[in-house]
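Quick look at work-v7.csv (CSV, C-alpha atoms):
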chain,number,residue,atom,x,y,z
A,1,MET,CA,47.4,-30.2,62.3
A,2,GLU,CA,43.9,-28.8,61.9
A,3,VAL,CA,41.3,-31.4,60.8
A,4,ILE,CA,37.9,-30.3,59.6
A,5,ASP,CA,34.7,-32.1,60.4
A,6,LYS,CA,33.1,-33.3,57.1
A,7,HIS,CA,32.2,-36.5,55.5
A,8,THR,CA,35.7,-37.9,55.0
A,9,ASP,CA,34.8,-39.9,51.9
A,10,ASP,CA,33.7,-36.8,50.0
A,11,ILE,CA,37.2,-36.0,48.8
A,12,VAL,CA,37.8,-39.6,47.8
A,13,ALA,CA,34.7,-39.6,45.7
A,14,LYS,CA,35.6,-36.3,44.2
A,15,ALA,CA,39.0,-37.6,43.3
A,16,ARG,CA,37.5,-40.7,41.7
A,17,GLN,CA,35.1,-38.6,39.6
A,18,PHE,CA,37.8,-36.1,38.6
A,19,CYS,CA,40.0,-39.0,37.3
A,20,THR,CA,37.1,-40.5,35.4
A,21,ASP,CA,36.1,-37.3,33.8
A,22,TYR,CA,39.5,-35.7,33.1
A,23,LEU,CA,42.4,-38.0,33.6
A,24,GLN,CA,41.3,-41.4,32.3
A,25,PRO,CA,40.6,-40.1,28.7
A,26,ILE,CA,44.2,-38.9,28.4
A,27,ALA,CA,46.2,-41.3,30.6
A,28,ARG,CA,47.5,-43.4,27.7
A,29,GLU,CA,48.5,-40.3,25.8
A,30,LEU,CA,50.4,-38.9,28.8
A,31,ASP,CA,52.3,-42.1,29.1
A,32,LYS,CA,53.1,-42.2,25.4
A,33,HIS,CA,54.4,-38.6,25.2
A,34,ASN,CA,56.1,-38.5,28.6
A,35,ARG,CA,54.2,-35.4,29.8
A,36,PHE,CA,52.3,-34.1,32.8
A,37,PRO,CA,48.8,-32.7,32.1
A,38,VAL,CA,49.6,-29.1,32.7
A,39,GLU,CA,46.2,-28.2,31.2
A,40,LEU,CA,44.5,-29.8,34.2
A,41,LEU,CA,46.8,-28.2,36.8
A,42,GLU,CA,44.5,-25.2,37.4
A,43,LEU,CA,41.5,-27.4,37.9
A,44,ILE,CA,43.4,-29.8,40.2
A,45,ALA,CA,44.3,-26.8,42.3
A,46,GLN,CA,40.7,-25.4,42.3
A,47,GLU,CA,39.4,-28.7,43.5
A,48,GLY,CA,41.8,-28.6,46.4
A,49,PHE,CA,43.7,-31.8,45.7
A,50,LEU,CA,47.1,-30.4,46.1
A,51,GLY,CA,46.5,-29.3,49.7
A,52,MET,CA,44.0,-31.9,51.0
A,53,ASN,CA,46.0,-32.9,54.1
A,54,TYR,CA,47.3,-29.5,55.2
A,55,PRO,CA,46.0,-26.8,57.6
A,56,VAL,CA,42.9,-24.8,56.7
A,57,SER,CA,44.8,-21.7,57.9
A,58,TYR,CA,47.1,-22.0,54.8
A,59,GLY,CA,44.2,-22.7,52.5
A,60,GLY,CA,44.4,-26.5,52.8
A,61,GLY,CA,41.6,-29.0,53.1
A,62,GLY,CA,42.4,-30.2,56.6
A,63,TYR,CA,41.7,-33.8,55.8
A,64,ASN,CA,43.5,-36.5,57.7
A,65,SER,CA,46.3,-38.5,56.1
A,66,VAL,CA,44.2,-41.7,55.8
A,67,VAL,CA,41.6,-40.0,53.7
A,68,THR,CA,44.2,-38.0,51.7
A,69,HIS,CA,46.2,-41.1,50.7
A,70,GLN,CA,43.0,-42.9,49.8
A,71,ALA,CA,42.1,-39.9,47.5
A,72,VAL,CA,45.4,-39.7,45.8
A,73,LYS,CA,45.3,-43.5,45.3
A,74,GLU,CA,42.5,-42.8,42.9
A,75,PHE,CA,44.9,-40.7,40.8
A,76,ALA,CA,47.4,-43.5,40.9
A,77,LYS,CA,44.9,-46.0,39.6
A,78,VAL,CA,44.5,-43.9,36.5
A,79,SER,CA,47.9,-42.3,36.1
A,80,ALA,CA,50.7,-43.1,38.6
A,81,GLY,CA,52.9,-40.3,37.4
A,82,VAL,CA,50.3,-37.7,38.4
A,83,ALA,CA,50.0,-39.3,41.8
A,84,LEU,CA,53.8,-39.2,42.1
A,85,THR,CA,53.7,-35.4,41.3
A,86,PHE,CA,51.5,-34.9,44.3
A,87,HIS,CA,53.7,-36.9,46.7
A,88,VAL,CA,56.9,-35.0,45.8
A,89,HIS,CA,55.0,-31.7,46.1
A,90,TRP,CA,53.9,-32.8,49.6
A,91,MET,CA,57.5,-33.8,50.6
A,92,ALA,CA,58.5,-30.2,50.2
A,93,ILE,CA,55.5,-28.9,52.1
A,94,ASP,CA,56.2,-31.3,54.9
A,95,VAL,CA,59.7,-30.0,55.5
A,96,LEU,CA,58.6,-26.4,55.3
A,97,LEU,CA,55.8,-27.0,57.8
A,98,GLN,CA,58.0,-28.8,60.2
A,99,PHE,CA,61.3,-26.9,59.9
A,100,GLY,CA,60.7,-23.7,57.9
A,101,SER,CA,60.9,-20.3,59.5
A,102,ALA,CA,57.8,-18.1,60.1
A,103,ALA,CA,58.9,-16.0,57.1
A,104,GLN,CA,59.3,-19.0,54.8
A,105,LYS,CA,56.0,-20.5,55.8
A,106,GLN,CA,54.2,-17.2,55.2
A,107,LYS,CA,56.0,-16.7,51.8
A,108,TYR,CA,55.6,-20.2,50.4
A,109,LEU,CA,53.0,-22.4,52.1
A,110,PRO,CA,49.8,-20.7,51.0
A,111,ASP,CA,50.7,-20.8,47.3
A,112,LEU,CA,52.0,-24.4,47.6
A,113,ILE,CA,49.0,-25.7,49.6
A,114,GLN,CA,46.5,-24.0,47.4
A,115,GLY,CA,48.2,-25.3,44.3
A,116,LYS,CA,49.1,-21.9,42.9
A,117,LYS,CA,52.7,-23.1,42.8
A,118,ILE,CA,54.2,-26.6,42.5
A,119,ALA,CA,57.2,-27.8,44.5
A,120,ALA,CA,60.1,-30.2,43.7
A,121,TYR,CA,62.3,-32.0,46.1
A,122,THR,CA,65.7,-33.4,45.3
A,123,ILE,CA,68.8,-34.9,46.9
A,124,SER,CA,70.1,-37.4,44.3
A,125,GLU,CA,73.2,-36.9,42.2
A,126,ALA,CA,75.0,-39.0,39.6
A,127,GLN,CA,77.1,-40.7,42.4
A,128,ALA,CA,74.7,-40.2,45.3
A,129,GLY,CA,71.3,-41.8,45.3
A,130,SER,CA,70.7,-44.2,48.2
A,131,ASP,CA,73.9,-42.8,49.7
A,132,ALA,CA,72.4,-39.3,50.3
A,133,ALA,CA,75.3,-38.2,52.5
A,134,GLY,CA,77.6,-38.6,49.5
A,135,ILE,CA,76.3,-35.6,47.6
A,136,ARG,CA,79.0,-33.3,46.1
A,137,SER,CA,77.0,-30.2,45.1
A,138,ILE,CA,78.4,-27.3,47.2
A,139,ALA,CA,76.8,-24.3,49.0
A,140,ALA,CA,79.6,-21.9,49.9
A,141,PRO,CA,79.0,-18.8,52.1
A,142,ALA,CA,78.9,-15.6,50.1
A,143,GLU,CA,78.2,-12.0,50.8
A,144,GLY,CA,74.4,-11.8,51.5
A,145,GLY,CA,73.8,-15.6,51.3
A,146,TRP,CA,75.1,-18.7,49.6
A,147,LEU,CA,76.7,-19.5,46.3
A,148,LEU,CA,75.5,-22.8,44.9
A,149,ASN,CA,77.4,-25.0,42.4
A,150,GLY,CA,76.8,-28.6,41.3
A,151,ALA,CA,74.2,-30.8,39.5
A,152,LYS,CA,71.3,-32.9,40.6
A,153,TYR,CA,69.8,-36.0,38.8
A,154,PHE,CA,66.3,-37.5,38.9
A,155,CYS,CA,64.5,-34.3,40.1
A,156,THR,CA,60.8,-35.2,40.1
A,157,ASN,CA,58.6,-32.3,39.1
A,158,GLY,CA,61.6,-30.7,37.5
A,159,GLY,CA,60.5,-28.0,35.0
A,160,LEU,CA,56.9,-28.2,36.3
A,161,ALA,CA,57.8,-26.8,39.7
A,162,ASP,CA,58.1,-23.2,40.7
A,163,ILE,CA,59.9,-23.9,44.1
A,164,TYR,CA,62.8,-26.4,44.5
A,165,VAL,CA,63.9,-27.8,47.8
A,166,VAL,CA,67.5,-29.0,47.1
A,167,ALA,CA,70.3,-30.5,49.3
A,168,PHE,CA,73.9,-29.1,49.1
A,169,LYS,CA,77.1,-29.7,51.0
A,170,THR,CA,77.8,-26.8,53.4
A,171,ASP,CA,80.8,-28.4,54.9
A,172,VAL,CA,82.6,-31.0,52.8
A,173,THR,CA,84.5,-32.4,55.8
A,174,ALA,CA,81.4,-33.2,57.9
A,175,GLY,CA,79.6,-35.9,56.0
A,176,ALA,CA,75.9,-36.1,56.8
A,177,LYS,CA,76.3,-33.3,59.4
A,178,GLY,CA,77.5,-30.9,56.7
A,179,ILE,CA,74.4,-30.7,54.5
A,180,GLY,CA,72.0,-27.9,54.1
A,181,LEU,CA,68.5,-27.9,52.5
A,182,PHE,CA,67.8,-24.8,50.3
A,183,ILE,CA,64.7,-23.2,48.8
A,184,ILE,CA,65.4,-22.1,45.2
A,185,GLU,CA,62.9,-20.4,43.0
A,186,LYS,CA,62.6,-21.2,39.3
A,187,GLY,CA,64.2,-18.5,37.2
A,188,THR,CA,67.0,-17.7,39.7
A,189,ALA,CA,70.2,-16.7,37.9
A,190,GLY,CA,72.6,-19.6,37.7
A,191,PHE,CA,69.9,-22.2,38.0
A,192,GLN,CA,69.2,-24.3,34.9
A,193,ILE,CA,66.6,-27.1,34.5
A,194,GLY,CA,67.4,-30.0,32.1
A,195,GLU,CA,65.1,-31.6,29.6
A,196,ALA,CA,62.6,-34.2,30.7
A,197,GLU,CA,64.1,-37.7,31.0
A,198,GLU,CA,62.7,-40.6,29.1
A,199,LYS,CA,61.6,-43.1,31.8
A,200,MET,CA,60.4,-46.7,31.8
A,201,GLY,CA,57.2,-45.8,33.8
A,202,CYS,CA,55.4,-43.1,35.7
A,203,ARG,CA,55.9,-41.1,32.5
A,204,SER,CA,53.2,-38.5,33.4
A,205,SER,CA,55.6,-37.3,36.1
A,206,LEU,CA,58.3,-35.0,34.9
A,207,THR,CA,61.9,-35.9,35.8
A,208,THR,CA,64.9,-33.7,35.0
A,209,SER,CA,68.4,-32.8,36.0
A,210,LEU,CA,69.2,-29.5,37.7
A,211,VAL,CA,72.4,-27.6,37.2
A,212,PHE,CA,73.7,-24.8,39.5
A,213,HIS,CA,76.5,-22.5,38.4
A,214,ASP,CA,77.4,-19.7,40.7
A,215,CYS,CA,73.8,-19.5,41.7
A,216,LEU,CA,73.5,-16.9,44.5
A,217,VAL,CA,70.6,-17.3,47.0
A,218,SER,CA,69.9,-15.4,50.2
A,219,SER,CA,70.7,-16.6,53.6
A,220,ASP,CA,66.9,-16.8,54.1
A,221,SER,CA,66.7,-19.7,51.6
A,222,VAL,CA,68.1,-22.2,54.1
A,223,ILE,CA,65.5,-24.5,55.8
A,224,GLY,CA,66.4,-24.8,59.4
A,225,ASN,CA,70.1,-25.0,60.3
A,226,SER,CA,72.6,-25.1,57.3
A,227,ARG,CA,74.2,-28.2,58.8
A,228,ASP,CA,70.9,-30.1,59.6
A,229,GLY,CA,69.8,-30.6,56.0
A,230,PHE,CA,70.3,-34.4,56.0
A,231,LYS,CA,68.1,-34.9,59.0
A,232,ILE,CA,65.5,-32.5,57.5
A,233,ALA,CA,65.7,-34.3,54.1
A,234,MET,CA,65.1,-37.7,55.8
A,235,PHE,CA,61.9,-36.3,57.4
A,236,GLY,CA,60.7,-35.4,53.9
A,237,LEU,CA,61.4,-38.9,52.7
A,238,THR,CA,59.4,-40.3,55.5
A,239,GLY,CA,56.2,-38.7,54.1
A,240,GLY,CA,57.3,-39.5,50.6
A,241,ARG,CA,57.5,-43.3,51.4
A,242,LEU,CA,53.9,-43.3,52.6
A,243,GLY,CA,52.9,-41.5,49.4
A,244,MET,CA,54.7,-44.1,47.4
A,245,ALA,CA,53.0,-46.9,49.3
A,246,ALA,CA,49.6,-45.3,48.5
A,247,MET,CA,50.6,-44.9,44.8
A,248,GLY,CA,51.7,-48.6,44.6
A,249,LEU,CA,48.4,-49.6,46.2
A,250,GLY,CA,46.5,-47.7,43.5
A,251,ILE,CA,48.5,-49.4,40.7
A,252,ALA,CA,47.9,-52.8,42.2
A,253,GLU,CA,44.1,-52.2,42.6
A,254,ALA,CA,43.9,-51.0,39.0
A,255,ALA,CA,45.8,-54.1,37.7
A,256,LEU,CA,43.5,-56.4,39.7
A,257,GLU,CA,40.4,-54.8,38.4
A,258,ALA,CA,41.6,-55.0,34.8
A,259,ALA,CA,42.6,-58.7,35.2
A,260,ALA,CA,39.3,-59.7,36.9
A,261,LYS,CA,37.2,-58.1,34.1
A,262,TYR,CA,39.4,-59.7,31.4
A,263,ALA,CA,39.2,-63.1,33.1
A,264,ASN,CA,35.3,-62.9,33.0
A,265,ARG,CA,35.1,-62.1,29.3
A,266,ARG,CA,38.0,-64.1,27.9
A,267,ILE,CA,36.9,-67.6,26.8
A,268,ALA,CA,39.4,-70.4,26.8
A,269,PHE,CA,38.8,-74.2,26.8
A,270,GLY,CA,35.1,-73.4,26.3
A,271,LYS,CA,34.6,-71.3,29.4
A,272,PRO,CA,35.7,-68.0,30.9
A,273,LEU,CA,39.2,-67.8,32.3
A,274,SER,CA,37.7,-66.9,35.7
A,275,ALA,CA,36.3,-70.5,35.8
A,276,LEU,CA,39.8,-72.0,35.7
A,277,TYR,CA,41.3,-72.8,39.1
A,278,ALA,CA,44.7,-71.5,38.2
A,279,VAL,CA,43.2,-68.1,37.4
A,280,GLN,CA,41.0,-68.1,40.5
A,281,GLU,CA,44.1,-68.8,42.6
A,282,MET,CA,45.9,-65.8,41.0
A,283,LEU,CA,43.0,-63.5,41.6
A,284,ALA,CA,42.6,-64.7,45.2
A,285,ASP,CA,46.3,-64.1,45.9
A,286,MET,CA,46.1,-60.6,44.3
A,287,HIS,CA,43.1,-59.6,46.4
A,288,VAL,CA,44.3,-61.0,49.7
A,289,LYS,CA,47.7,-59.2,49.4
A,290,ILE,CA,46.0,-55.9,48.3
A,291,GLU,CA,43.7,-56.0,51.3
A,292,ALA,CA,46.7,-56.6,53.7
A,293,ALA,CA,48.5,-53.7,52.0
A,294,LYS,CA,45.5,-51.4,52.5
A,295,LEU,CA,45.5,-52.1,56.2
A,296,LEU,CA,49.2,-51.4,56.4
A,297,VAL,CA,49.0,-48.1,54.5
A,298,ASP,CA,46.0,-46.9,56.6
A,299,HIS,CA,47.8,-47.9,59.8
A,300,THR,CA,50.9,-45.8,58.8
A,301,ALA,CA,48.7,-42.9,57.8
A,302,ARG,CA,47.0,-42.9,61.2
A,303,LYS,CA,50.3,-43.0,62.9
A,304,ARG,CA,51.4,-39.9,60.9
A,305,ASP,CA,48.2,-38.2,62.0
A,306,SER,CA,48.9,-39.0,65.7
A,307,GLY,CA,52.2,-37.1,65.6
A,308,SER,CA,54.2,-40.1,66.5
A,309,ASP,CA,57.4,-41.1,64.8
A,310,TYR,CA,56.3,-43.2,61.8
A,311,SER,CA,59.6,-43.5,59.9
A,312,VAL,CA,59.9,-47.2,60.4
A,313,ASP,CA,56.2,-47.8,59.7
A,314,THR,CA,56.4,-46.0,56.4
A,315,SER,CA,59.5,-48.0,55.4
A,316,VAL,CA,57.6,-51.2,56.2
A,317,ALA,CA,54.6,-50.1,54.3
A,318,LYS,CA,56.6,-49.1,51.2
A,319,LEU,CA,58.5,-52.4,51.3
A,320,PHE,CA,55.4,-54.5,51.5
A,321,VAL,CA,53.4,-52.5,48.9
A,322,SER,CA,56.4,-52.6,46.5
A,323,GLU,CA,56.3,-56.4,46.6
A,324,VAL,CA,52.5,-56.5,46.3
A,325,ALA,CA,52.3,-54.1,43.4
A,326,ASN,CA,54.9,-55.8,41.3
A,327,GLU,CA,53.5,-59.3,42.1
A,328,VAL,CA,49.9,-58.2,41.3
A,329,CYS,CA,51.0,-56.6,38.0
A,330,HIS,CA,52.9,-59.7,37.1
A,331,LYS,CA,49.9,-61.9,37.7
A,332,ALA,CA,47.7,-59.5,35.8
A,333,LEU,CA,50.0,-59.8,32.8
A,334,GLN,CA,49.8,-63.6,33.1
A,335,ILE,CA,46.0,-63.6,33.1
A,336,PHE,CA,46.0,-61.3,30.0
A,337,GLY,CA,48.6,-63.6,28.3
A,338,GLY,CA,50.0,-62.1,25.1
A,339,HIS,CA,47.5,-59.3,25.1
A,340,GLY,CA,49.0,-58.1,28.4
A,341,TYR,CA,52.3,-57.6,26.7
A,342,MET,CA,50.7,-55.2,24.2
A,343,LYS,CA,50.6,-51.4,24.8
A,344,TYR,CA,46.9,-51.3,23.9
A,345,ASN,CA,46.1,-52.9,27.3
A,346,GLU,CA,46.6,-50.9,30.5
A,347,VAL,CA,48.2,-53.7,32.4
A,348,GLU,CA,51.4,-53.2,30.4
A,349,ARG,CA,51.6,-49.6,31.7
A,350,PHE,CA,50.7,-50.6,35.2
A,351,ALA,CA,53.6,-53.1,35.2
A,352,ARG,CA,56.1,-50.4,34.1
A,353,ASP,CA,54.7,-47.9,36.6
A,354,ALA,CA,55.0,-50.5,39.5
A,355,ARG,CA,58.6,-51.1,38.8
A,356,LEU,CA,59.5,-47.7,40.4
A,357,MET,CA,58.2,-48.9,43.7
A,358,ASP,CA,61.4,-50.9,44.4
A,359,ILE,CA,63.5,-47.9,43.6
A,360,GLY,CA,62.0,-44.4,44.2
A,361,VAL,CA,62.2,-42.6,47.6
A,362,GLY,CA,64.4,-45.3,49.0
A,363,THR,CA,65.3,-48.6,47.4
A,364,SER,CA,63.9,-51.8,48.9
A,365,GLU,CA,67.4,-52.9,49.7
A,366,VAL,CA,68.0,-49.7,51.7
A,367,LEU,CA,64.7,-49.9,53.5
A,368,LYS,CA,65.4,-53.5,54.5
A,369,MET,CA,68.6,-52.2,56.1
A,370,VAL,CA,66.5,-49.5,57.9
A,371,VAL,CA,63.9,-52.0,59.2
A,372,GLY,CA,66.4,-54.7,59.9
A,373,THR,CA,68.6,-52.4,62.0
A,374,THR,CA,65.6,-51.2,63.9
A,375,ILE,CA,64.4,-54.7,64.7
A,376,ALA,CA,67.9,-55.8,65.8
A,377,LYS,CA,68.0,-52.9,68.2
A,378,SER,CA,64.5,-52.9,69.5
A,379,ILE,CA,63.7,-56.6,69.7
A,380,GLY,CA,67.2,-58.3,69.5
A,381,ASN,CA,68.4,-56.4,72.6
A,382,SER,CA,65.2,-56.9,74.6
A,383,GLU,CA,65.3,-59.3,77.6
Just give me the structure of the file as structure tokens.
Amino acid sequence: MEVIDKHTDDIVAKARQFCTDYLQPIARELDKHNRFPVELLELIAQEGFLGMNYPVSYGGGGYNSVVTHQAVKEFAKVSAGVALTFHVHWMAIDVLLQFGSAAQKQKYLPDLIQGKKIAAYTISEAQAGSDAAGIRSIAAPAEGGWLLNGAKYFCTNGGLADIYVVAFKTDVTAGAKGIGLFIIEKGTAGFQIGEAEEKMGCRSSLTTSLVFHDCLVSSDSVIGNSRDGFKIAMFGLTGGRLGMAAMGLGIAEAALEAAAKYANRRIAFGKPLSALYAVQEMLADMHVKIEAAKLLVDHTARKRDSGSDYSVDTSVAKLFVSEVANEVCHKALQIFGGHGYMKYNEVERFARDARLMDIGVGTSEVLKMVVGTTIAKSIGNSE
């Protein structure tokens, strides 16, 4: 991947300023009304945020993954749902860059990387979440292409997106080896997008169902081989888990900052809360774990940049950050006391947003299976 030579902290500073000027003033309203700030989308694209870490040849910024994830962390500190929108958009771009045909890359990547169009990426169904190979939506060969039938749940960026990367069964007898990944454009006949779901957190990210009824797409809509979709989809999830880790890190940093400021101004027993050992201990624990999480996320991003397989690293990073984000938000709420339980304080929102970390783009339980199996094979079998 092309990487341009510029001050790498420029894009991080620009993201921070953008969030301060445009996103922070409306973050609470976005959460309350369960909406993505579409009025900012054009400006987000113009600033280059949607293509920060992609090739200059497609109109991207060419920044490395370390800097990119530091930049999008700034969005997560203000509105985690907006950061989540970025990460799912990037999952689709990742698979197109790695597995897409020359024609698919030429048709879709410039608009996606330049932010002129938004992507969604979905595998999950009512009965198939963590068990991705258990999907039942069908892609049947038809004259000139494929006929799609079925329904998807929990499609992040549903309704907002112009391009949808969706998994279907192409051979119902072949398990994980009978899945294809398809590109479907919004407005295609037979493709219906559901209403935005009411979620616990990350409410500035749109989540919908998708329904396909005799939806005919061309043979050119398949990414890679029509039977390799499971492998390709897992590649997309690898990048998504790094994105989730960066998002969780942003939530945790925001919660710590809010808690530390509150502890300095809140007086109890005749002195600031920050003078009490119990509160100092919580702040110390929060800070130490966040610093460790930063190193882990940066290490994983550097491995991605190196071109090495980072699938286990990104599972480790997401697992650790999930625990850190939820613990930090819990402690922040404790420091705020009853005030933290009220919606007028941001730590209440941070705690709800952080809860997705244990669930989205691979549950913690599944990731522990992934990491545990790898360790058993790589270390347990060593002499």
A:Thr122 surroundings by only C-alpha atoms, 8 Å radius, close-in-sequence under 4 positions cut, as a PDB file with C-alpha atoms, keeping the file's coordinate frame:
ATOM      1  CA  LYS A 152      71.300 -32.900  40.600  1.00  0.00           C
ATOM      2  CA  PHE A 154      66.300 -37.500  38.900  1.00  0.00           C
ATOM      3  CA  CYS A 155      64.500 -34.300  40.100  1.00  0.00           C
ATOM      4  CA  THR A 156      60.800 -35.200  40.100  1.00  0.00           C
ATOM      5  CA  TYR A 164      62.800 -26.400  44.500  1.00  0.00           C
ATOM      6  CA  VAL A 165      63.900 -27.800  47.800  1.00  0.00           C
ATOM      7  CA  VAL A 166      67.500 -29.000  47.100  1.00  0.00           C
ATOM      8  CA  ALA A 167      70.300 -30.500  49.300  1.00  0.00           C
TER       9      ALA A 167
END
| Hey, which of A:Leu237, A:Ala260, A:Cys202, A:Leu333 ends up closest to A:Asp353? Count all atoms listed in the file. | A:Cys202
| remark: Between atom CA of A:Asp131 and atom CA of A:Ala246 lies a distance of 24.5 Å
| request: Would you mind telling me which residue in A:Ile44, A:Val316, A:Gln98, A:Met244 lies nearest to A:Gly360 when using all atoms listed in the file? | output: A:Met244
| request: Find the spatial neighbours of A:Gln17, counting only C-alpha atoms, within a cut-off of 12 Å - ignore same-chain residues fewer than 5 positions away - and output them as a list in words. | output: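 In the requested format, the answer is Asp10, Ile11, Val12, Tyr22, Leu23, Gln24, Glu47, Ala71, Glu74, Phe75 and Val78 of chain A.
You can rank A:Ser57, A:Gln46, A:Asn34, A:Ser101 by their closest distance to A:Phe18 using only C-alpha atoms, and at the top of that list sits A:Gln46.
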| Å distance separating atom CA of A:Arg266 from atom CA of A:Lys294, one decimal place |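 Answer for the atom CA of A:Arg266 to atom CA of A:Lys294 separation: 28.7 Å.
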| query | Got a sec: who's within 9 Å of A:Gly224, counting only C-alpha atoms, leaving out chain neighbours fewer than 2 positions off, as a PyMOL selection string? | reply | chain A and resi 96+99-101+180-181+222+226-229+232
How about saving the chosen residues, C-alpha atoms kept, as an mmCIF file, in the frame of the given file?
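To be explicit, this is the file written out as out06.cif:
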data_model
loop_
_atom_site.group_PDB
_atom_site.id
_atom_site.type_symbol
_atom_site.label_atom_id
_atom_site.label_comp_id
_atom_site.auth_asym_id
_atom_site.auth_seq_id
_atom_site.Cartn_x
_atom_site.Cartn_y
_atom_site.Cartn_z
ATOM 1 C CA LEU A 96 58.600 -26.400 55.300
ATOM 2 C CA PHE A 99 61.300 -26.900 59.900
ATOM 3 C CA GLY A 100 60.700 -23.700 57.900
ATOM 4 C CA SER A 101 60.900 -20.300 59.500
ATOM 5 C CA GLY A 180 72.000 -27.900 54.100
ATOM 6 C CA LEU A 181 68.500 -27.900 52.500
ATOM 7 C CA VAL A 222 68.100 -22.200 54.100
ATOM 8 C CA SER A 226 72.600 -25.100 57.300
ATOM 9 C CA ARG A 227 74.200 -28.200 58.800
ATOM 10 C CA ASP A 228 70.900 -30.100 59.600
ATOM 11 C CA GLY A 229 69.800 -30.600 56.000
ATOM 12 C CA ILE A 232 65.500 -32.500 57.500
#
| request: Considering all atoms listed in the file, return as a list in words whatever protein or nucleic-acid residues lie within 12 Å of A:Val288, sequence-local ones (same chain, fewer than 4 positions apart) excluded. | output: Ala252, Glu253, Leu256, Glu281, Met282, Leu283, Ala284, Ala292, Ala293, Lys294, Leu295, Val324 and Val328 of chain A
| query | Of the candidates A:Cys215, A:Val56, A:Leu147, A:Ala132, which shows the shortest atom-to-atom distance to A:Val366, using all atoms listed in the file? | reply |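 Nearest candidate to A:Val366 out of A:Cys215, A:Val56, A:Leu147, A:Ala132: A:Ala132.
Take the candidates A:Met369, A:Ile267, A:Ile26, A:Ile251 and check each one against A:Val321 using all atoms listed in the file; the shortest distance goes to A:Ile251.
Interatomic distance, atom CA of A:Arg35 against atom CA of A:Ala83: 13.3 Å.
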